[in-house]
>>> print(open('final_14.pdb').read())   # PDB, C-alpha atoms
ATOM      1  CA  MET A   1      25.118  24.719   1.520
ATOM      2  CA  ASN A   2      21.630  25.502   0.179
ATOM      3  CA  GLU A   3      22.012  23.265  -2.840
ATOM      4  CA  ASN A   4      23.432  20.506  -0.658
ATOM      5  CA  LEU A   5      20.566  20.728   1.838
ATOM      6  CA  PHE A   6      17.799  20.047  -0.681
ATOM      7  CA  ALA A   7      19.755  17.612  -2.830
ATOM      8  CA  SER A   8      18.053  14.588  -1.281
ATOM      9  CA  PHE A   9      14.628  15.926  -2.335
ATOM     10  CA  MET A  10      15.481  16.133  -6.032
ATOM     11  CA  ILE A  11      14.072  13.486  -8.356
ATOM     12  CA  PRO A  12      16.687  10.759  -8.912
ATOM     13  CA  VAL A  13      17.937  10.824 -12.487
ATOM     14  CA  VAL A  14      19.955   8.065 -14.187
ATOM     15  CA  LEU A  15      21.691   9.014 -17.441
ATOM     16  CA  GLY A  16      19.306  11.906 -17.919
ATOM     17  CA  ILE A  17      16.140   9.809 -17.416
ATOM     18  CA  PRO A  18      14.089  10.400 -14.239
ATOM     19  CA  ILE A  19      13.516   7.017 -12.587
ATOM     20  CA  THR A  20      10.619   8.151 -10.403
ATOM     21  CA  THR A  21       8.346   5.235 -11.344
ATOM     22  CA  LEU A  22      11.008   2.662 -10.504
ATOM     23  CA  THR A  23      11.731   4.339  -7.178
ATOM     24  CA  ILE A  24       8.036   4.342  -6.267
ATOM     25  CA  MET A  25       7.615   0.677  -7.258
ATOM     26  CA  PHE A  26      10.696  -0.477  -5.344
ATOM     27  CA  PRO A  27       8.983  -1.264  -1.972
ATOM     28  CA  THR A  28       6.781  -3.859  -3.710
ATOM     29  CA  MET A  29       9.903  -6.015  -4.067
ATOM     30  CA  LEU A  30      10.021  -6.308  -0.285
ATOM     31  CA  PHE A  31       6.547  -7.880  -0.036
ATOM     32  CA  PRO A  32       6.640 -11.213  -1.932
ATOM     33  CA  THR A  33       3.328 -12.781  -2.944
ATOM     34  CA  PRO A  34       2.689 -15.922  -0.887
ATOM     35  CA  ASN A  35       1.837 -18.898  -3.098
ATOM     36  CA  ARG A  36       1.669 -21.561  -0.408
ATOM     37  CA  LEU A  37      -0.430 -22.186   2.664
ATOM     38  CA  ILE A  38       2.588 -22.253   4.999
ATOM     39  CA  ASN A  39       5.240 -19.762   3.983
ATOM     40  CA  ASN A  40       8.758 -18.797   4.920
ATOM     41  CA  ARG A  41       9.422 -16.651   7.981
ATOM     42  CA  MET A  42       9.466 -13.274   6.270
ATOM     43  CA  VAL A  43       6.155 -13.838   4.484
ATOM     44  CA  ALA A  44       4.647 -15.307   7.693
ATOM     45  CA  ILE A  45       5.615 -12.188   9.673
ATOM     46  CA  GLN A  46       4.196  -9.928   6.948
ATOM     47  CA  GLN A  47       0.950 -11.894   6.854
ATOM     48  CA  TRP A  48       0.601 -11.740  10.646
ATOM     49  CA  LEU A  49       1.230  -7.977  10.706
ATOM     50  CA  THR A  50      -1.189  -7.442   7.813
ATOM     51  CA  LYS A  51      -3.901  -9.416   9.596
ATOM     52  CA  LEU A  52      -3.334  -7.488  12.830
ATOM     53  CA  THR A  53      -3.476  -4.110  11.072
ATOM     54  CA  SER A  54      -6.455  -4.911   8.882
ATOM     55  CA  LYS A  55      -8.505  -6.246  11.797
ATOM     56  CA  GLN A  56      -7.838  -3.175  13.891
ATOM     57  CA  LEU A  57      -8.522  -0.792  11.035
ATOM     58  CA  MET A  58     -11.583  -2.317   9.413
ATOM     59  CA  ILE A  59     -13.550  -3.798  12.321
ATOM     60  CA  THR A  60     -15.582  -0.640  12.914
ATOM     61  CA  HIS A  61     -16.790  -0.395   9.309
ATOM     62  CA  SER A  62     -20.066  -1.560   7.798
ATOM     63  CA  PRO A  63     -19.897  -4.392   5.206
ATOM     64  CA  LYS A  64     -19.912  -1.827   2.402
ATOM     65  CA  GLY A  65     -16.986  -0.008   4.009
ATOM     66  CA  GLN A  66     -15.111  -3.282   4.440
ATOM     67  CA  THR A  67     -14.924  -3.690   0.646
ATOM     68  CA  TRP A  68     -12.247  -0.985   0.853
ATOM     69  CA  SER A  69      -9.986  -3.090   3.146
ATOM     70  CA  LEU A  70      -7.664  -4.066   0.295
ATOM     71  CA  MET A  71      -7.218  -0.451  -0.752
ATOM     72  CA  LEU A  72      -6.624   0.845   2.784
ATOM     73  CA  ILE A  73      -4.180  -1.873   3.806
ATOM     74  CA  SER A  74      -2.210  -1.446   0.563
ATOM     75  CA  LEU A  75      -2.142   2.294   1.208
ATOM     76  CA  PHE A  76      -0.843   1.800   4.729
ATOM     77  CA  LEU A  77       1.810  -0.715   3.648
ATOM     78  CA  PHE A  78       2.931   1.531   0.800
ATOM     79  CA  ILE A  79       3.299   4.702   2.876
ATOM     80  CA  ALA A  80       4.918   2.870   5.806
ATOM     81  CA  SER A  81       7.457   1.018   3.652
ATOM     82  CA  THR A  82       8.264   4.121   1.579
ATOM     83  CA  ASN A  83       8.803   6.230   4.697
ATOM     84  CA  LEU A  84      10.917   3.573   6.409
ATOM     85  CA  LEU A  85      13.078   3.112   3.295
ATOM     86  CA  GLY A  86      13.558   6.872   3.302
ATOM     87  CA  MET A  87      15.349   6.546   6.627
ATOM     88  CA  LEU A  88      18.344   5.104   4.791
ATOM     89  CA  PRO A  89      20.887   7.919   4.402
ATOM     90  CA  HIS A  90      20.951   9.720   1.054
ATOM     91  CA  SER A  91      17.938   7.769  -0.260
ATOM     92  CA  PHE A  92      15.061   9.440  -2.097
ATOM     93  CA  THR A  93      11.664   9.315  -0.374
ATOM     94  CA  PRO A  94       8.758   9.692  -2.804
ATOM     95  CA  THR A  95       6.398  10.801  -0.013
ATOM     96  CA  THR A  96       8.363  14.037   0.392
ATOM     97  CA  GLN A  97       6.897  15.194  -2.922
ATOM     98  CA  LEU A  98       3.588  17.028  -2.534
ATOM     99  CA  SER A  99       2.569  15.925  -6.019
ATOM    100  CA  MET A 100       2.576  12.267  -5.026
ATOM    101  CA  ASN A 101       0.729  12.808  -1.755
ATOM    102  CA  LEU A 102      -1.930  14.877  -3.502
ATOM    103  CA  GLY A 103      -2.166  12.091  -6.058
ATOM    104  CA  MET A 104      -2.933   9.684  -3.214
ATOM    105  CA  ALA A 105      -5.190  11.967  -1.188
ATOM    106  CA  ILE A 106      -7.477  13.486  -3.841
ATOM    107  CA  PRO A 107      -8.786  10.274  -5.487
ATOM    108  CA  LEU A 108      -9.342   8.518  -2.143
ATOM    109  CA  TRP A 109     -11.070  11.466  -0.496
ATOM    110  CA  ALA A 110     -13.170  12.138  -3.614
ATOM    111  CA  GLY A 111     -14.031   8.418  -3.645
ATOM    112  CA  THR A 112     -15.414   8.590  -0.109
ATOM    113  CA  VAL A 113     -17.397  11.760  -0.895
ATOM    114  CA  PHE A 114     -18.888  10.264  -4.087
ATOM    115  CA  ILE A 115     -19.817   7.034  -2.258
ATOM    116  CA  GLY A 116     -21.682   9.092   0.318
ATOM    117  CA  PHE A 117     -23.465  11.211  -2.291
ATOM    118  CA  ARG A 118     -24.398   8.238  -4.415
ATOM    119  CA  ASN A 119     -25.688   5.813  -1.786
ATOM    120  CA  LYS A 120     -26.863   8.007   1.071
ATOM    121  CA  THR A 121     -27.410  11.447  -0.417
ATOM    122  CA  LYS A 122     -29.466  12.875   2.430
ATOM    123  CA  MET A 123     -27.165  11.566   5.163
ATOM    124  CA  SER A 124     -23.989  12.819   3.473
ATOM    125  CA  LEU A 125     -25.527  16.266   3.033
ATOM    126  CA  ALA A 126     -26.680  16.154   6.663
ATOM    127  CA  HIS A 127     -23.061  15.764   7.745
ATOM    128  CA  LEU A 128     -22.584  19.391   6.760
ATOM    129  CA  LEU A 129     -24.476  20.479   9.877
ATOM    130  CA  PRO A 130     -23.434  19.310  13.373
ATOM    131  CA  LEU A 131     -26.171  18.134  15.709
ATOM    132  CA  GLY A 132     -27.861  20.660  17.975
ATOM    133  CA  THR A 133     -26.831  23.958  16.411
ATOM    134  CA  PRO A 134     -29.004  26.990  17.126
ATOM    135  CA  THR A 135     -31.164  27.991  14.151
ATOM    136  CA  PHE A 136     -29.575  31.378  13.503
ATOM    137  CA  LEU A 137     -26.082  29.830  13.236
ATOM    138  CA  ILE A 138     -27.070  27.318  10.526
ATOM    139  CA  PRO A 139     -26.024  29.200   7.337
ATOM    140  CA  MET A 140     -22.601  30.124   8.686
ATOM    141  CA  LEU A 141     -21.969  26.649  10.035
ATOM    142  CA  VAL A 142     -22.917  24.998   6.740
ATOM    143  CA  MET A 143     -20.382  27.234   4.988
ATOM    144  CA  ILE A 144     -17.708  26.385   7.545
ATOM    145  CA  GLU A 145     -18.386  22.660   7.272
ATOM    146  CA  THR A 146     -18.244  22.826   3.453
ATOM    147  CA  ILE A 147     -14.894  24.585   3.578
ATOM    148  CA  SER A 148     -13.587  22.036   6.081
ATOM    149  CA  LEU A 149     -14.778  19.247   3.760
ATOM    150  CA  PHE A 150     -12.840  20.651   0.809
ATOM    151  CA  ILE A 151      -9.731  21.176   2.913
ATOM    152  CA  GLN A 152      -9.589  17.467   3.860
ATOM    153  CA  PRO A 153      -7.560  16.233   0.808
ATOM    154  CA  LEU A 154      -5.167  19.190   1.047
ATOM    155  CA  ALA A 155      -4.666  18.561   4.758
ATOM    156  CA  LEU A 156      -4.034  14.838   4.178
ATOM    157  CA  ALA A 157      -1.406  15.512   1.526
ATOM    158  CA  VAL A 158       0.334  18.441   3.200
ATOM    159  CA  ARG A 159       0.424  16.678   6.589
ATOM    160  CA  LEU A 160       2.344  13.730   5.163
ATOM    161  CA  THR A 161       4.639  15.869   2.990
ATOM    162  CA  ALA A 162       5.480  18.347   5.724
ATOM    163  CA  ASN A 163       6.135  15.750   8.420
ATOM    164  CA  ILE A 164       8.470  13.618   6.336
ATOM    165  CA  THR A 165      10.241  16.541   4.639
ATOM    166  CA  ALA A 166      10.726  18.422   7.908
ATOM    167  CA  GLY A 167      12.097  15.329   9.624
ATOM    168  CA  HIS A 168      14.598  14.630   6.870
ATOM    169  CA  LEU A 169      15.670  18.271   6.697
ATOM    170  CA  LEU A 170      16.182  18.433  10.461
ATOM    171  CA  LEU A 171      18.263  15.255  10.453
ATOM    172  CA  HIS A 172      20.402  16.701   7.637
ATOM    173  CA  LEU A 173      20.912  20.015   9.453
ATOM    174  CA  ILE A 174      21.724  18.543  12.858
ATOM    175  CA  GLY A 175      24.016  15.984  11.252
ATOM    176  CA  SER A 176      26.029  18.652   9.488
ATOM    177  CA  ALA A 177      26.034  20.736  12.683
ATOM    178  CA  THR A 178      27.506  17.776  14.592
ATOM    179  CA  LEU A 179      30.168  17.339  11.942
ATOM    180  CA  ALA A 180      31.053  21.048  11.946
ATOM    181  CA  LEU A 181      31.185  21.202  15.748
ATOM    182  CA  MET A 182      33.565  18.245  16.065
ATOM    183  CA  SER A 183      36.547  20.371  15.077
ATOM    184  CA  ILE A 184      35.465  23.271  17.350
ATOM    185  CA  ASN A 185      34.169  21.885  20.654
ATOM    186  CA  LEU A 186      33.937  18.137  21.223
ATOM    187  CA  PHE A 187      31.486  18.310  24.128
ATOM    188  CA  THR A 188      28.952  20.356  22.154
ATOM    189  CA  ALA A 189      29.389  17.946  19.266
ATOM    190  CA  LEU A 190      28.552  15.079  21.620
ATOM    191  CA  ILE A 191      25.381  16.831  22.800
ATOM    192  CA  THR A 192      24.368  17.473  19.222
ATOM    193  CA  PHE A 193      25.058  13.836  18.410
ATOM    194  CA  ILE A 194      22.754  12.708  21.226
ATOM    195  CA  ILE A 195      20.081  15.039  19.834
ATOM    196  CA  LEU A 196      20.650  13.454  16.435
ATOM    197  CA  THR A 197      20.180   9.944  17.844
ATOM    198  CA  LEU A 198      16.937  10.894  19.580
ATOM    199  CA  LEU A 199      15.732  12.565  16.396
ATOM    200  CA  ILE A 200      16.417   9.404  14.400
ATOM    201  CA  ILE A 201      14.306   7.360  16.809
ATOM    202  CA  LEU A 202      11.553   9.981  16.487
ATOM    203  CA  GLU A 203      11.781   9.834  12.701
ATOM    204  CA  PHE A 204      11.227   6.073  12.685
ATOM    205  CA  ALA A 205       8.153   6.542  14.827
ATOM    206  CA  VAL A 206       6.925   9.417  12.627
ATOM    207  CA  ALA A 207       7.353   7.315   9.500
ATOM    208  CA  LEU A 208       4.985   4.680  10.825
ATOM    209  CA  ILE A 209       2.610   7.055  12.567
ATOM    210  CA  GLN A 210       2.101   9.230   9.501
ATOM    211  CA  ALA A 211       1.248   6.197   7.405
ATOM    212  CA  TYR A 212      -1.268   5.146  10.012
ATOM    213  CA  VAL A 213      -2.787   8.608  10.341
ATOM    214  CA  PHE A 214      -3.255   8.939   6.582
ATOM    215  CA  THR A 215      -4.983   5.590   6.341
ATOM    216  CA  LEU A 216      -7.043   6.140   9.472
ATOM    217  CA  LEU A 217      -8.369   9.466   8.258
ATOM    218  CA  VAL A 218      -9.341   8.034   4.883
ATOM    219  CA  SER A 219     -11.107   5.196   6.672
ATOM    220  CA  LEU A 220     -12.903   7.700   8.890
ATOM    221  CA  TYR A 221     -14.100   9.653   5.869
ATOM    222  CA  LEU A 222     -15.251   6.331   4.436
ATOM    223  CA  GLN A 223     -17.111   5.411   7.602
ATOM    224  CA  ASP A 224     -18.958   8.697   7.558
ATOM    225  CA  ASN A 225     -20.124   7.996   4.047
ATOM    226  CA  THR A 226     -21.037   4.277   4.076
TER     227      THR A 226
ATOM    228  CA  MET B   1       6.261 -12.258 -26.133
ATOM    229  CA  VAL B   2       4.078  -9.195 -25.709
ATOM    230  CA  MET B   3       0.981 -11.394 -26.138
ATOM    231  CA  GLN B   4       2.285 -13.773 -23.443
ATOM    232  CA  MET B   5       2.928 -10.847 -21.111
ATOM    233  CA  LEU B   6      -0.564  -9.518 -21.770
ATOM    234  CA  GLN B   7      -2.121 -12.939 -21.139
ATOM    235  CA  SER B   8      -0.193 -13.341 -17.886
ATOM    236  CA  LEU B   9      -1.210  -9.827 -16.847
ATOM    237  CA  ILE B  10      -4.878 -10.573 -17.548
ATOM    238  CA  LYS B  11      -4.751 -13.935 -15.759
ATOM    239  CA  ASN B  12      -2.879 -12.752 -12.667
ATOM    240  CA  VAL B  13      -4.128  -9.187 -12.215
ATOM    241  CA  TRP B  14      -7.380  -8.515 -14.057
ATOM    242  CA  VAL B  15      -9.230 -11.784 -13.276
ATOM    243  CA  PRO B  16      -8.751 -11.686  -9.476
ATOM    244  CA  MET B  17      -9.258  -7.905  -9.275
ATOM    245  CA  LYS B  18     -12.207  -7.618 -11.691
ATOM    246  CA  PRO B  19     -14.947  -7.117  -9.032
ATOM    247  CA  TYR B  20     -12.815  -4.458  -7.370
ATOM    248  CA  TYR B  21     -12.000  -2.515 -10.530
ATOM    249  CA  THR B  22     -15.539  -2.727 -11.910
ATOM    250  CA  GLN B  23     -17.701  -2.288  -8.819
ATOM    251  CA  VAL B  24     -15.945  -1.334  -5.591
ATOM    252  CA  TYR B  25     -13.592   1.309  -6.941
ATOM    253  CA  GLN B  26     -16.031   3.110  -9.247
ATOM    254  CA  GLU B  27     -15.962   6.225  -7.100
ATOM    255  CA  ILE B  28     -12.163   6.106  -6.905
ATOM    256  CA  TRP B  29     -11.981   6.135 -10.726
ATOM    257  CA  ALA B  30     -14.223   9.190 -10.639
ATOM    258  CA  GLY B  31     -11.870  10.741  -8.067
ATOM    259  CA  MET B  32      -8.913   9.983 -10.343
ATOM    260  CA  GLY B  33     -10.726  11.764 -13.155
ATOM    261  CA  LEU B  34     -11.172  14.761 -10.868
ATOM    262  CA  MET B  35      -7.464  14.644 -10.016
ATOM    263  CA  ALA B  36      -6.508  14.432 -13.716
ATOM    264  CA  PHE B  37      -8.697  17.458 -14.380
ATOM    265  CA  ILE B  38      -6.978  19.406 -11.573
ATOM    266  CA  VAL B  39      -3.519  18.393 -12.870
ATOM    267  CA  TYR B  40      -4.512  19.513 -16.381
ATOM    268  CA  LYS B  41      -5.720  22.876 -15.054
ATOM    269  CA  ILE B  42      -2.530  23.448 -13.034
ATOM    270  CA  ARG B  43      -0.264  22.426 -15.912
ATOM    271  CA  SER B  44      -2.057  24.665 -18.431
ATOM    272  CA  ALA B  45      -2.009  27.607 -16.043
ATOM    273  CA  ASP B  46       1.707  27.093 -15.501
ATOM    274  CA  LYS B  47       2.303  26.896 -19.256
ATOM    275  CA  ARG B  48       0.256  30.042 -19.828
ATOM    276  CA  SER B  49       2.121  31.997 -17.154
ATOM    277  CA  LYS B  50       5.503  30.826 -18.490
ATOM    278  CA  ALA B  51       4.530  31.818 -22.046
ATOM    279  CA  LEU B  52       3.384  35.192 -20.787
ATOM    280  CA  LYS B  53       6.613  35.737 -18.910
ATOM    281  CA  ALA B  54       8.683  34.743 -21.950
ATOM    282  CA  SER B  55       6.790  36.901 -24.430
ATOM    283  CA  SER B  56       6.423  40.087 -22.376
ATOM    284  CA  PRO B  57       9.349  42.515 -22.519
ATOM    285  CA  GLU B  58      11.531  42.318 -19.386
ATOM    286  CA  PRO B  59      11.686  45.465 -17.183
ATOM    287  CA  ALA B  60      14.641  47.668 -18.060
ATOM    288  CA  ARG B  61      15.666  48.052 -14.389
ATOM    289  CA  GLY B  62      16.133  44.320 -13.980
ATOM    290  CA  HIS B  63      15.137  42.113 -11.052
ATOM    291  CA  HIS B  64      15.265  43.536  -7.551
TER     292      HIS B  64
END
>>> encode(input="final_14.pdb", output="structure tokens")
Amino acid sequence: MNENLFASFMIPVVLGIPITTLTIMFPTMLFPTPNRLINNRMVAIQQWLTKLTSKQLMITHSPKGQTWSLMLISLFLFIASTNLLGMLPHSFTPTTQLSMNLGMAIPLWAGTVFIGFRNKTKMSLAHLLPLGTPTFLIPMLVMIETISLFIQPLALAVRLTANITAGHLLLHLIGSATLALMSINLFTALITFIILTLLIILEFAVALIQAYVFTLLVSLYLQDNT
Amino acid sequence: MVMQMLQSLIKNVWVPMKPYYTQVYQEIWAGMGLMAFIVYKIRSADKRSKALKASSPEPARGHH
């Protein structure tokens, strides 16, 4: 049962070759590049959603921060599409791997920190001390703020990994519980099945929300530093 | 064919994205360098610990 439970988190391998790169690049096939002014329905819906998301996300930034719109919207689309594709049964979700989420979080977070240091050195250092602290608390608070700064990329990565992995694991467990209970007590199996349905709806919401949270936090770190 | 692929890559990817790759994302490249350094450190530490485990004599009592 243990091997079966974590089987969906193992890297997909075809004829002995891990096809991780292909799996990660697959969602790009679902977003065709529009070459015309007026496109087909699918591209029109994607363009409308992209415009809606990008306006809501980037309107609070300064012009320098808005140069990152392409990066942030691509990030959001990538995480959202990868998570939603992971809702298909028995599929492999790349965002369940901590390595990939760290690979997304560390460069983006470090990018925001370096932008702050490079362009507004004094202001980015001033962020290490909240406004209005009593004088004798300053050294301790600076240490605490520095630690919280360095935890940001770890928190970004682990939040996404843990949410998606836990959701998938729970769905797997409750699904197998429903199946096992069907031969024992049909009423309990029905209750478990209702729980499973509610959990699936929650998972769809979590898939989108986690993508949004990741992108929003990166944009917040950017705003602080531009 | 490789030259044609390279030309198409340059025309469709590099030319439109040049200001991004050269100016806007400079700090992100630096962040990627930091990430590569971290990955290198983790991989070498893992290799060192595996080599140590393989070379040291195993305890006679076995694993608990």
>>> interface_residues(input="final_14.pdb", of="chain B", to="chain A", cutoff="12 Å", atoms="only C-alpha atoms", output="short mmCIF file (atom, residue, chain, number, x, y, z; two decimals) with C-alpha atoms, in the frame of the given file")
data_model
loop_
_atom_site.label_atom_id
_atom_site.label_comp_id
_atom_site.auth_asym_id
_atom_site.auth_seq_id
_atom_site.Cartn_x
_atom_site.Cartn_y
_atom_site.Cartn_z
CA ASN B 12 -2.88 -12.75 -12.67
CA MET B 17 -9.26 -7.90 -9.28
CA PRO B 19 -14.95 -7.12 -9.03
CA TYR B 20 -12.82 -4.46 -7.37
CA TYR B 21 -12.00 -2.52 -10.53
CA GLN B 23 -17.70 -2.29 -8.82
CA VAL B 24 -15.94 -1.33 -5.59
CA TYR B 25 -13.59 1.31 -6.94
CA GLN B 26 -16.03 3.11 -9.25
CA GLU B 27 -15.96 6.22 -7.10
CA ILE B 28 -12.16 6.11 -6.90
CA TRP B 29 -11.98 6.14 -10.73
CA ALA B 30 -14.22 9.19 -10.64
CA GLY B 31 -11.87 10.74 -8.07
CA MET B 32 -8.91 9.98 -10.34
CA GLY B 33 -10.73 11.76 -13.16
CA LEU B 34 -11.17 14.76 -10.87
CA MET B 35 -7.46 14.64 -10.02
CA ALA B 36 -6.51 14.43 -13.72
CA PHE B 37 -8.70 17.46 -14.38
CA ILE B 38 -6.98 19.41 -11.57
CA VAL B 39 -3.52 18.39 -12.87
CA ILE B 42 -2.53 23.45 -13.03
#
>>> atom_distance(input="final_14.pdb", atom1="CA of Thr28 (chain A)", atom2="CA of Leu170 (chain A)")
28.0 Å
>>> closest_residue(input="final_14.pdb", among="A:Ser91, A:Gln152, A:Ser54, A:Thr135", to="His168 (chain A)", atoms="only C-alpha atoms")
A:Ser91
>>> resolve_selection(input="final_14.pdb", expression="the PyMOL selection byres ((chain A and resi 190-196) around 9)", output="MDAnalysis selection string")
chainID A and resid 170:171 174:175 177:179 181:182 185:189 197:201
>>> atom_distance(input="final_14.pdb", atom1="CA of Met87 (chain A)", atom2="CA of Leu220 (chain A)")
28.4 Å
>>> atom_distance(input="final_14.pdb", atom1="CA of Ser8 (chain A)", atom2="CA of Leu72 (chain A)")
28.5 Å
>>> resolve_selection(input="final_14.pdb", expression="the PyMOL selection byres ((chain A and resi 203-218) around 6)", output="list in words")
Phe76, Ile79, Ala80, Asn83, Ile200, Ile201, Leu202, Ser219, Leu220 and Tyr221 of chain A
